[in-house]
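**Student:** Pasting in a structure now, in structure tokens, and then I'll have a few things to ask.
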Amino acid sequence: MADTQPIIDVRNLYKHYGEHHVNALKGISLSIQAGEFVALMGPSGCGKSTLLNILGTIDRPTEGEVLIRGEAVFQQDEKTLTRFRRQQLGFIFQFFNLLTTLTVRENVALPLDLDPSLSESERSNAVSTMLERVGMSHRADFFPAQLSGGEMQRVAIARALVHQPHIILADEPTGNLDTENGEAVLQLLKSLSQEGGQVILMATHSEEAAAYANRIIRMRDGKIRPGA
Ligand SMILES: Nc1ncnc2c1ncn2[C@@H]1O[C@H](COP(=O)(O)OP(=O)(O)O)[C@@H](O)[C@H]1O
Ligand SMILES: [Mg+2]
């Protein structure tokens, strides 16, 4: 049945970093449905970023399968994979990763620059709408260096969502923020997930951060903890 098909389906995933003899993932299976806001929790080094990077198709698994909306992503050619990554994924990082030479507005527009079918006004409207949603319209012409950490992360969130991806991958999105700004960012992710219906998968080692999600998946030492 189409409407119960998971958005993300991970089957028996292994990641071995051969040159360092590290088994970062040891048989991960999970599935995530549309609209879920999932926290991937566990101590530093347990494999959260490795898993997110594989789901983001930035890295490849050693073994196992990743199905996104039923499609085995790593069986596709490089061109299809790149298109999938640009259209269906949004990334949020601990250190924001904004481009310092671009303004807030230009940073948020980046994912749209890859879509030639959009007109200039469609592009500009989409950026304005997203800046509004994250409360950053008044900083549209600022450069990243002129923003606080919390503001930078809100801009990064706008950039991750502007092309309306199905899946948002957030790796320790509050790891570099103070408590107050961290809570604001988590609240924003939570309300975006309630409005938008995208999947949000957030890696965090913080119980407080994980509490904002609808579901917590707990990892330890490259595996999902039983019962989690
Ligand atoms: N590129 C890499 N090469 C070798 N080992 C790596 C690499 N990336 C991560 N690791 C190792 O894999 C394990 C999981 O790392 P990571 O996924 O970053 O964990 P987490 O995000 O939960 O802190 C760690 O032991 C880490 O040292
Ligand atoms: Mg990590």
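Scheme for the structure tokens: letters A, B, ... for chains in order shown; per-chain residue numbers from 1; ligand numbers from 1 in order shown.
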Output the neighbourhood of ligand 1 as a tab-separated table (two decimals) with C-alpha atoms, in the first residue's frame, that is, all protein and nucleic acid residues with some atom at most 6 Å from the ligand, counting only C-alpha atoms and all ligand atoms.

**Tutor:**
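Output file pocket-v4.tsv is given in full below:
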chain	number	residue	atom	x	y	z
A	17	TYR	CA	36.33	1.94	7.43
A	20	HIS	CA	41.45	2.16	10.05
A	22	VAL	CA	36.79	0.46	12.29
A	24	ALA	CA	31.26	1.96	12.50
A	44	SER	CA	29.96	10.09	20.68
A	45	GLY	CA	31.49	7.53	18.32
A	46	CYS	CA	28.47	5.18	18.21
A	47	GLY	CA	27.95	5.74	14.46
A	48	LYS	CA	25.28	8.45	14.21
A	49	SER	CA	27.12	10.62	11.68
A	50	THR	CA	28.17	7.58	9.67

**Student:** Where in segment 31-228 of chain A does DSSP assign strand (DSSP E), given as a PDB file with N, CA and C atoms, in the first residue's frame?

**Tutor:**
ATOM      1  N   SER A  31      13.046   1.704   9.940  1.00  0.00           N
ATOM      2  CA  SER A  31      12.239   2.357   8.914  1.00  0.00           C
ATOM      3  C   SER A  31      11.523   3.553   9.512  1.00  0.00           C
ATOM      4  N   ILE A  32      11.357   4.550   8.673  1.00  0.00           N
ATOM      5  CA  ILE A  32      10.798   5.822   9.110  1.00  0.00           C
ATOM      6  C   ILE A  32       9.680   6.215   8.150  1.00  0.00           C
ATOM      7  N   PHE A  37       9.466  12.854  13.080  1.00  0.00           N
ATOM      8  CA  PHE A  37      10.640  13.592  13.551  1.00  0.00           C
ATOM      9  C   PHE A  37      11.359  12.637  14.504  1.00  0.00           C
ATOM     10  N   VAL A  38      12.460  12.087  14.023  1.00  0.00           N
ATOM     11  CA  VAL A  38      13.149  11.018  14.750  1.00  0.00           C
ATOM     12  C   VAL A  38      14.485  11.515  15.275  1.00  0.00           C
ATOM     13  N   ALA A  39      14.762  11.247  16.542  1.00  0.00           N
ATOM     14  CA  ALA A  39      16.082  11.536  17.105  1.00  0.00           C
ATOM     15  C   ALA A  39      16.897  10.257  17.120  1.00  0.00           C
ATOM     16  N   LEU A  40      18.100  10.365  16.590  1.00  0.00           N
ATOM     17  CA  LEU A  40      19.042   9.256  16.592  1.00  0.00           C
ATOM     18  C   LEU A  40      20.020   9.567  17.716  1.00  0.00           C
ATOM     19  N   MET A  41      19.870   8.826  18.805  1.00  0.00           N
ATOM     20  CA  MET A  41      20.616   9.165  20.017  1.00  0.00           C
ATOM     21  C   MET A  41      21.696   8.161  20.312  1.00  0.00           C
ATOM     22  N   GLU A  63      27.929  -2.828   3.325  1.00  0.00           N
ATOM     23  CA  GLU A  63      26.951  -3.895   3.085  1.00  0.00           C
ATOM     24  C   GLU A  63      25.579  -3.387   3.493  1.00  0.00           C
ATOM     25  N   GLY A  64      24.539  -3.982   2.927  1.00  0.00           N
ATOM     26  CA  GLY A  64      23.184  -3.608   3.320  1.00  0.00           C
ATOM     27  C   GLY A  64      22.549  -2.664   2.323  1.00  0.00           C
ATOM     28  N   GLU A  65      21.289  -2.343   2.568  1.00  0.00           N
ATOM     29  CA  GLU A  65      20.506  -1.567   1.605  1.00  0.00           C
ATOM     30  C   GLU A  65      19.846  -0.361   2.241  1.00  0.00           C
ATOM     31  N   VAL A  66      19.744   0.713   1.459  1.00  0.00           N
ATOM     32  CA  VAL A  66      18.948   1.864   1.855  1.00  0.00           C
ATOM     33  C   VAL A  66      17.894   2.083   0.788  1.00  0.00           C
ATOM     34  N   LEU A  67      16.627   1.991   1.191  1.00  0.00           N
ATOM     35  CA  LEU A  67      15.535   2.283   0.274  1.00  0.00           C
ATOM     36  C   LEU A  67      14.897   3.595   0.683  1.00  0.00           C
ATOM     37  N   ILE A  68      14.795   4.506  -0.271  1.00  0.00           N
ATOM     38  CA  ILE A  68      14.084   5.751  -0.037  1.00  0.00           C
ATOM     39  C   ILE A  68      12.839   5.701  -0.912  1.00  0.00           C
ATOM     40  N   GLU A  71      12.911   2.898  -3.321  1.00  0.00           N
ATOM     41  CA  GLU A  71      14.004   2.811  -4.302  1.00  0.00           C
ATOM     42  C   GLU A  71      15.317   2.502  -3.602  1.00  0.00           C
ATOM     43  N   ALA A  72      16.024   1.503  -4.083  1.00  0.00           N
ATOM     44  CA  ALA A  72      17.343   1.168  -3.530  1.00  0.00           C
ATOM     45  C   ALA A  72      18.352   2.194  -4.047  1.00  0.00           C
ATOM     46  N   LEU A  89      16.762  15.789  -0.449  1.00  0.00           N
ATOM     47  CA  LEU A  89      17.409  15.872   0.849  1.00  0.00           C
ATOM     48  C   LEU A  89      17.721  17.309   1.233  1.00  0.00           C
ATOM     49  N   GLY A  90      17.620  17.571   2.539  1.00  0.00           N
ATOM     50  CA  GLY A  90      18.104  18.827   3.102  1.00  0.00           C
ATOM     51  C   GLY A  90      19.029  18.502   4.258  1.00  0.00           C
ATOM     52  N   PHE A  91      20.146  19.206   4.334  1.00  0.00           N
ATOM     53  CA  PHE A  91      21.148  18.908   5.369  1.00  0.00           C
ATOM     54  C   PHE A  91      21.289  20.072   6.341  1.00  0.00           C
ATOM     55  N   ILE A  92      21.379  19.740   7.636  1.00  0.00           N
ATOM     56  CA  ILE A  92      21.675  20.739   8.663  1.00  0.00           C
ATOM     57  C   ILE A  92      22.853  20.208   9.479  1.00  0.00           C
ATOM     58  N   ILE A 167      13.191  14.730   2.973  1.00  0.00           N
ATOM     59  CA  ILE A 167      13.953  14.256   4.124  1.00  0.00           C
ATOM     60  C   ILE A 167      14.950  15.325   4.563  1.00  0.00           C
ATOM     61  N   ILE A 168      14.919  15.645   5.859  1.00  0.00           N
ATOM     62  CA  ILE A 168      15.897  16.566   6.436  1.00  0.00           C
ATOM     63  C   ILE A 168      16.819  15.757   7.335  1.00  0.00           C
ATOM     64  N   LEU A 169      18.105  15.851   7.106  1.00  0.00           N
ATOM     65  CA  LEU A 169      19.081  15.163   7.940  1.00  0.00           C
ATOM     66  C   LEU A 169      19.834  16.218   8.742  1.00  0.00           C
ATOM     67  N   ALA A 170      19.752  16.128  10.061  1.00  0.00           N
ATOM     68  CA  ALA A 170      20.366  17.140  10.928  1.00  0.00           C
ATOM     69  C   ALA A 170      21.363  16.453  11.852  1.00  0.00           C
ATOM     70  N   ASP A 171      22.629  16.827  11.721  1.00  0.00           N
ATOM     71  CA  ASP A 171      23.666  16.191  12.531  1.00  0.00           C
ATOM     72  C   ASP A 171      24.090  17.125  13.661  1.00  0.00           C
ATOM     73  N   VAL A 199      10.155  14.071   6.635  1.00  0.00           N
ATOM     74  CA  VAL A 199      10.877  13.323   7.663  1.00  0.00           C
ATOM     75  C   VAL A 199      12.021  14.196   8.164  1.00  0.00           C
ATOM     76  N   ILE A 200      12.178  14.266   9.487  1.00  0.00           N
ATOM     77  CA  ILE A 200      13.390  14.868  10.039  1.00  0.00           C
ATOM     78  C   ILE A 200      14.109  13.799  10.839  1.00  0.00           C
ATOM     79  N   LEU A 201      15.355  13.574  10.508  1.00  0.00           N
ATOM     80  CA  LEU A 201      16.184  12.628  11.255  1.00  0.00           C
ATOM     81  C   LEU A 201      17.340  13.416  11.842  1.00  0.00           C
ATOM     82  N   MET A 202      17.370  13.471  13.170  1.00  0.00           N
ATOM     83  CA  MET A 202      18.329  14.332  13.866  1.00  0.00           C
ATOM     84  C   MET A 202      19.244  13.503  14.755  1.00  0.00           C
ATOM     85  N   ALA A 203      20.534  13.549  14.481  1.00  0.00           N
ATOM     86  CA  ALA A 203      21.501  12.895  15.357  1.00  0.00           C
ATOM     87  C   ALA A 203      21.835  13.816  16.512  1.00  0.00           C
ATOM     88  N   THR A 204      21.840  13.267  17.715  1.00  0.00           N
ATOM     89  CA  THR A 204      22.186  14.065  18.887  1.00  0.00           C
ATOM     90  C   THR A 204      22.681  13.153  20.003  1.00  0.00           C
ATOM     91  N   ARG A 215       9.992  10.304  18.058  1.00  0.00           N
ATOM     92  CA  ARG A 215      10.495   8.953  18.291  1.00  0.00           C
ATOM     93  C   ARG A 215      11.990   9.024  18.505  1.00  0.00           C
ATOM     94  N   ILE A 216      12.475   8.194  19.411  1.00  0.00           N
ATOM     95  CA  ILE A 216      13.914   8.148  19.670  1.00  0.00           C
ATOM     96  C   ILE A 216      14.435   6.769  19.294  1.00  0.00           C
ATOM     97  N   ILE A 217      15.465   6.758  18.452  1.00  0.00           N
ATOM     98  CA  ILE A 217      16.159   5.511  18.136  1.00  0.00           C
ATOM     99  C   ILE A 217      17.515   5.592  18.825  1.00  0.00           C
ATOM    100  N   ARG A 218      17.791   4.625  19.687  1.00  0.00           N
ATOM    101  CA  ARG A 218      19.030   4.686  20.461  1.00  0.00           C
ATOM    102  C   ARG A 218      20.085   3.767  19.872  1.00  0.00           C
ATOM    103  N   MET A 219      21.271   4.318  19.687  1.00  0.00           N
ATOM    104  CA  MET A 219      22.381   3.536  19.144  1.00  0.00           C
ATOM    105  C   MET A 219      23.475   3.376  20.182  1.00  0.00           C
ATOM    106  N   ARG A 220      24.203   2.279  20.060  1.00  0.00           N
ATOM    107  CA  ARG A 220      25.427   2.113  20.841  1.00  0.00           C
ATOM    108  C   ARG A 220      26.364   1.211  20.058  1.00  0.00           C
ATOM    109  N   LYS A 223      25.326  -0.238  16.679  1.00  0.00           N
ATOM    110  CA  LYS A 223      24.070  -0.999  16.590  1.00  0.00           C
ATOM    111  C   LYS A 223      22.927  -0.193  17.194  1.00  0.00           C
ATOM    112  N   ILE A 224      21.707  -0.604  16.837  1.00  0.00           N
ATOM    113  CA  ILE A 224      20.537  -0.035  17.500  1.00  0.00           C
ATOM    114  C   ILE A 224      20.293  -0.842  18.762  1.00  0.00           C
TER     115      ILE A 224
END

**Student:** Could you check the closest approach to Gln5 of chain A for each of A:Arg225, A:Arg60, A:Arg69, A:His138 and tell me which residue wins, using only C-alpha atoms?

**Tutor:** A:Arg69

**Student:** Select, from A:Glu120, A:Glu36, A:Glu172, A:Asp113, the residue with the minimum atom-to-atom distance to ligand 2, counting only C-alpha atoms and all ligand atoms.

**Tutor:** A:Glu172

**Student:** Using only C-alpha atoms for the distances, tell me which of A:Asn214, A:Thr174, A:Ser137, A:Ser206 is nearest to Gly42 of chain A.

**Tutor:**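 Ranked by minimum distance to Gly42 of chain A, first place goes to A:Ser206.
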
**Student:** Using only C-alpha atoms, determine which residues lie at most 12 Å from Thr82 of chain A, disregarding the query and same-chain residues fewer than 3 positions distant; provide the list as a VMD selection string.

**Tutor:** chain A and resid 56 to 58 73 to 74 76 to 79 85 to 89 114

**Student:** Suppose we keep C-alpha atoms; can you now write the selection as a short mmCIF file (atom, residue, chain, number, x, y, z; two decimals), in the first residue's frame?

**Tutor:**
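For reference, again.cif as written:
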data_model
loop_
_atom_site.label_atom_id
_atom_site.label_comp_id
_atom_site.auth_asym_id
_atom_site.auth_seq_id
_atom_site.Cartn_x
_atom_site.Cartn_y
_atom_site.Cartn_z
CA GLY A 56 22.47 11.43 2.75
CA THR A 57 24.33 9.43 0.06
CA ILE A 58 27.50 11.34 0.93
CA VAL A 73 19.44 4.33 -3.69
CA PHE A 74 22.91 2.82 -4.00
CA GLN A 76 21.33 3.95 -8.99
CA ASP A 77 23.96 5.56 -11.17
CA GLU A 78 25.91 8.59 -9.97
CA LYS A 79 23.84 11.07 -11.95
CA ARG A 85 20.40 14.22 -3.22
CA ARG A 86 19.67 17.71 -4.58
CA GLN A 87 15.91 17.30 -4.86
CA GLN A 88 14.92 15.14 -1.93
CA LEU A 89 17.41 15.87 0.85
CA LEU A 114 20.38 23.90 -9.11
#

**Student:** Give me the residues within 9 Å of segment 141-153 of chain A as number ranges by chain, counting only C-alpha atoms and dropping any in the same chain fewer than 6 places off.

**Tutor:** A: 92-106, 135, 173-174, 176-178, 180-182, 184-185

**Student:** Which residue, A:Lys26, A:Arg154, A:Arg133, A:Arg159, has the smallest gap to Asn12 of chain A when you use only C-alpha atoms?

**Tutor:**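 Of all the options, A:Lys26 lies closest to Asn12 of chain A.
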
**Student:** Smallest atom-to-atom distance to ligand 2: which of A:Ser128, A:Gly175, A:Ile8, A:Arg139, using only C-alpha atoms and all ligand atoms?

**Tutor:**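 When distances to ligand 2 are compared using only C-alpha atoms and all ligand atoms, the smallest one comes from A:Gly175.
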
**Student:** For ligand 2, which of A:Ile157, A:Leu118, A:Leu51, A:Val108 is the closest residue, counting only C-alpha atoms and all ligand atoms?

**Tutor:**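 Among A:Ile157, A:Leu118, A:Leu51, A:Val108, it is A:Leu51 that comes nearest to ligand 2.
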
**Student:** In Å, how far is it from atom CA of Val127 of chain A to atom CA of Ala34 of chain A?

**Tutor:**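 Atom CA of Ala34 of chain A lies at a distance of 24.1 Å from atom CA of Val127 of chain A.
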
**Student:** Assign secondary structure with DSSP using the backbone only, and return the residues of segment 90-220 of chain A in helix (DSSP H, G or I) as a PDB file with C-alpha atoms, in the first residue's frame.

**Tutor:**
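File produced: out-v9.pdb:
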ATOM      1  CA  VAL A 104      21.642  35.211   4.077  1.00  0.00           C
ATOM      2  CA  ARG A 105      19.293  35.436   1.093  1.00  0.00           C
ATOM      3  CA  GLU A 106      21.925  34.057  -1.292  1.00  0.00           C
ATOM      4  CA  ASN A 107      22.779  31.203   1.065  1.00  0.00           C
ATOM      5  CA  VAL A 108      19.142  30.170   1.343  1.00  0.00           C
ATOM      6  CA  ALA A 109      18.721  30.363  -2.441  1.00  0.00           C
ATOM      7  CA  LEU A 110      21.580  27.917  -3.114  1.00  0.00           C
ATOM      8  CA  PRO A 111      19.532  24.694  -3.367  1.00  0.00           C
ATOM      9  CA  LEU A 112      17.215  26.447  -5.839  1.00  0.00           C
ATOM     10  CA  ASP A 113      20.087  27.541  -8.085  1.00  0.00           C
ATOM     11  CA  GLU A 120      13.596  34.454 -10.844  1.00  0.00           C
ATOM     12  CA  SER A 121      10.397  35.475  -9.028  1.00  0.00           C
ATOM     13  CA  GLU A 122       9.545  31.922  -7.966  1.00  0.00           C
ATOM     14  CA  ARG A 123      13.027  31.601  -6.563  1.00  0.00           C
ATOM     15  CA  SER A 124      12.854  34.888  -4.744  1.00  0.00           C
ATOM     16  CA  ASN A 125       9.375  34.128  -3.327  1.00  0.00           C
ATOM     17  CA  ALA A 126      10.467  30.729  -2.039  1.00  0.00           C
ATOM     18  CA  VAL A 127      13.459  32.277  -0.283  1.00  0.00           C
ATOM     19  CA  SER A 128      11.362  35.051   1.272  1.00  0.00           C
ATOM     20  CA  THR A 129       8.756  32.555   2.499  1.00  0.00           C
ATOM     21  CA  MET A 130      11.399  30.384   4.141  1.00  0.00           C
ATOM     22  CA  LEU A 131      13.161  33.350   5.770  1.00  0.00           C
ATOM     23  CA  GLU A 132       9.793  34.380   7.142  1.00  0.00           C
ATOM     24  CA  ARG A 133       9.148  30.903   8.540  1.00  0.00           C
ATOM     25  CA  SER A 137      13.503  38.136   7.100  1.00  0.00           C
ATOM     26  CA  HIS A 138      15.046  41.131   8.854  1.00  0.00           C
ATOM     27  CA  ARG A 139      18.552  39.720   8.270  1.00  0.00           C
ATOM     28  CA  PRO A 144      26.905  35.026   8.124  1.00  0.00           C
ATOM     29  CA  ALA A 145      29.700  36.715  10.115  1.00  0.00           C
ATOM     30  CA  GLN A 146      27.182  39.371  11.184  1.00  0.00           C
ATOM     31  CA  GLY A 149      25.085  31.168  16.165  1.00  0.00           C
ATOM     32  CA  GLY A 150      21.358  30.695  16.661  1.00  0.00           C
ATOM     33  CA  GLU A 151      20.608  32.995  13.739  1.00  0.00           C
ATOM     34  CA  MET A 152      23.106  31.160  11.525  1.00  0.00           C
ATOM     35  CA  GLN A 153      21.420  27.873  12.309  1.00  0.00           C
ATOM     36  CA  ARG A 154      18.000  29.288  11.492  1.00  0.00           C
ATOM     37  CA  VAL A 155      19.375  30.411   8.120  1.00  0.00           C
ATOM     38  CA  ALA A 156      20.878  26.948   7.607  1.00  0.00           C
ATOM     39  CA  ILE A 157      17.467  25.436   8.354  1.00  0.00           C
ATOM     40  CA  ALA A 158      15.841  27.733   5.800  1.00  0.00           C
ATOM     41  CA  ARG A 159      18.432  26.601   3.261  1.00  0.00           C
ATOM     42  CA  ALA A 160      17.790  22.937   4.088  1.00  0.00           C
ATOM     43  CA  LEU A 161      14.040  23.346   3.538  1.00  0.00           C
ATOM     44  CA  THR A 179      20.832  26.301  25.693  1.00  0.00           C
ATOM     45  CA  GLU A 180      18.473  29.108  24.760  1.00  0.00           C
ATOM     46  CA  ASN A 181      19.360  29.163  21.059  1.00  0.00           C
ATOM     47  CA  GLY A 182      19.445  25.374  21.004  1.00  0.00           C
ATOM     48  CA  GLU A 183      15.909  25.182  22.353  1.00  0.00           C
ATOM     49  CA  ALA A 184      14.706  27.740  19.818  1.00  0.00           C
ATOM     50  CA  VAL A 185      16.200  25.721  16.960  1.00  0.00           C
ATOM     51  CA  LEU A 186      14.645  22.475  18.262  1.00  0.00           C
ATOM     52  CA  GLN A 187      11.270  24.144  18.656  1.00  0.00           C
ATOM     53  CA  LEU A 188      11.586  25.414  15.093  1.00  0.00           C
ATOM     54  CA  LEU A 189      12.404  21.937  13.759  1.00  0.00           C
ATOM     55  CA  LYS A 190       9.485  20.509  15.677  1.00  0.00           C
ATOM     56  CA  SER A 191       6.989  23.002  14.315  1.00  0.00           C
ATOM     57  CA  LEU A 192       8.362  22.705  10.780  1.00  0.00           C
ATOM     58  CA  SER A 193       7.914  18.963  11.003  1.00  0.00           C
ATOM     59  CA  GLN A 194       4.331  19.366  12.218  1.00  0.00           C
ATOM     60  CA  GLU A 195       3.515  21.761   9.377  1.00  0.00           C
ATOM     61  CA  GLY A 196       5.487  20.229   6.559  1.00  0.00           C
ATOM     62  CA  GLU A 207      18.535  13.676  25.901  1.00  0.00           C
ATOM     63  CA  GLU A 208      17.075  17.198  26.085  1.00  0.00           C
ATOM     64  CA  ALA A 209      17.367  17.622  22.321  1.00  0.00           C
ATOM     65  CA  ALA A 210      15.958  14.155  21.634  1.00  0.00           C
TER      66      ALA A 210
END
